[in-house]
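Colleague: Just dropping this structure here.
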Amino acid sequence: MWFLFAILSAIFAALTSILAKVGIEGVNSNLATAIRTVVVLAMAWMMVFVTGAQKGLAGIGRKSWIFLILSGLATGASWLCYYKALQMGEASKVVPVDKLSVVITLALAFVFLHESFTVKSLAGAVLITAGTLVMVI
């Protein structure tokens, strides 16, 4: 089931890039990011209440709060940079560079989460990096 959600995530991420590129025309990238964030925030909290997940708020530990806040800050920084890059460059070039996050995630997961780094993951990282270079240069 995780694979289905991952595919849907990829489809929605692709739509996000195209819709954002059209919508950001003539709009300050920081303002556009803020508008997008408000919509995401409303949608996320709607899902929390629709599924009854708000009951879990009290059970969130200090460590989880810290790392979720840090993750939110990283997301915000990523979105601000992404929208600025999208405003300045072509979506067909910005998006592949942004997806180098896959390669960076593999390396960080190996170092910090002690996840295995296999020949397959190395080959995938090399291919993603090469593909990005081919698309951008």
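Every chain in the structure tokens has a letter given in the order shown (A, B, ...), and although residue numbers restart at 1 in each chain, ligands are simply numbered from 1 in the order shown.
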Mind running region 28-123 of chain A against region 13-17 of chain A at 10 Å and telling me each contacting residue's nearest atom pair with the distance in Å (one decimal), counting only C-alpha atoms, chain and number ascending, as a Markdown table?
Modeller:
| residue | atom | partner | partner_atom | distance |
| --- | --- | --- | --- | --- |
| A:Arg36 | CA | A:Thr16 | CA | 9.9 |
| A:Tyr82 | CA | A:Ser17 | CA | 9.3 |
| A:Tyr83 | CA | A:Ser17 | CA | 9.0 |
| A:Leu86 | CA | A:Ser17 | CA | 8.0 |
| A:Ala91 | CA | A:Ser17 | CA | 6.8 |
| A:Ser92 | CA | A:Ser17 | CA | 9.3 |
| A:Val94 | CA | A:Ser17 | CA | 9.2 |
| A:Val95 | CA | A:Ser17 | CA | 7.4 |
Colleague: As a PyMOL selection string, please: every residue in region 32-119 of chain A that DSSP puts in alpha helix (DSSP H).
Modeller: chain A and resi 32-51+62-88+91-98+101-112+119
Colleague: One decimal, in Å: what's the spacing between CA of Val39 (chain A) and CA of Ile24 (chain A)?
Modeller: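 Taking CA of Val39 (chain A) as the start and CA of Ile24 (chain A) as the end point, the length is 15.0 Å.
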Colleague: Between A:Leu106, A:Phe117, A:Leu41, A:Thr33, which is the closest to Ala77 (chain A) once you count only C-alpha atoms?
Modeller: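 Smallest separation from Ala77 (chain A) among the options: A:Thr33.
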Colleague: At what distance in Å, to one decimal, does CA of Gly72 (chain A) lie from CA of Lys84 (chain A)?
Modeller: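 Result for CA of Lys84 (chain A) versus CA of Gly72 (chain A): 18.3 Å, one decimal.
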Colleague: Give the answer as one residue: which of A:Lys93, A:Ser101, A:Phe112, A:Val119 has the shortest atom-to-atom distance to Met135 (chain A), using only C-alpha atoms?
Modeller: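 Counting only C-alpha atoms, the residue closest to Met135 (chain A) is A:Lys93.
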Colleague: Could you check which of A:Trp65, A:Trp79, A:Phe49, A:Phe110 is closest to Ala32 (chain A), using only C-alpha atoms?
Modeller: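 Closest candidate: A:Trp79.
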Colleague: Find, counting only C-alpha atoms, the residue in A:Val27, A:Ala44, A:Leu19, A:Ile35 that gets nearest to Met88 (chain A).
Modeller: A:Val27
Colleague: Might you pull out every residue within 9 Å of Glu25 (chain A), with only C-alpha atoms counted and same-chain residues fewer than 4 positions away left off, and present them as number ranges by chain?
Modeller: A: 20-21, 87
Colleague: Those same residues, written as a PDB file, in the first residue's frame with all heavy atoms?
Modeller:
ATOM      1  N   ALA A  20       2.154  25.444  -9.936  1.00  0.00           N
ATOM      2  CA  ALA A  20       2.896  26.536  -9.302  1.00  0.00           C
ATOM      3  C   ALA A  20       3.575  27.417 -10.351  1.00  0.00           C
ATOM      4  O   ALA A  20       3.563  28.646 -10.227  1.00  0.00           O
ATOM      5  CB  ALA A  20       3.931  25.982  -8.331  1.00  0.00           C
ATOM      6  N   LYS A  21       4.166  26.813 -11.354  1.00  0.00           N
ATOM      7  CA  LYS A  21       4.863  27.581 -12.391  1.00  0.00           C
ATOM      8  C   LYS A  21       3.889  28.538 -13.075  1.00  0.00           C
ATOM      9  O   LYS A  21       4.227  29.694 -13.327  1.00  0.00           O
ATOM     10  CB  LYS A  21       5.513  26.642 -13.411  1.00  0.00           C
ATOM     11  CG  LYS A  21       6.298  27.350 -14.491  1.00  0.00           C
ATOM     12  CD  LYS A  21       7.493  28.108 -13.946  1.00  0.00           C
ATOM     13  CE  LYS A  21       8.280  28.774 -15.068  1.00  0.00           C
ATOM     14  NZ  LYS A  21       9.338  29.627 -14.571  1.00  0.00           N
ATOM     15  N   GLN A  87      10.354  30.274 -10.041  1.00  0.00           N
ATOM     16  CA  GLN A  87      10.049  31.579 -10.605  1.00  0.00           C
ATOM     17  C   GLN A  87      11.145  32.031 -11.564  1.00  0.00           C
ATOM     18  O   GLN A  87      10.874  32.634 -12.591  1.00  0.00           O
ATOM     19  CB  GLN A  87       9.886  32.602  -9.486  1.00  0.00           C
ATOM     20  CG  GLN A  87       9.367  33.950  -9.957  1.00  0.00           C
ATOM     21  CD  GLN A  87       9.017  34.839  -8.800  1.00  0.00           C
ATOM     22  OE1 GLN A  87       9.843  35.037  -7.916  1.00  0.00           O
ATOM     23  NE2 GLN A  87       7.813  35.362  -8.788  1.00  0.00           N
TER      24      GLN A  87
END
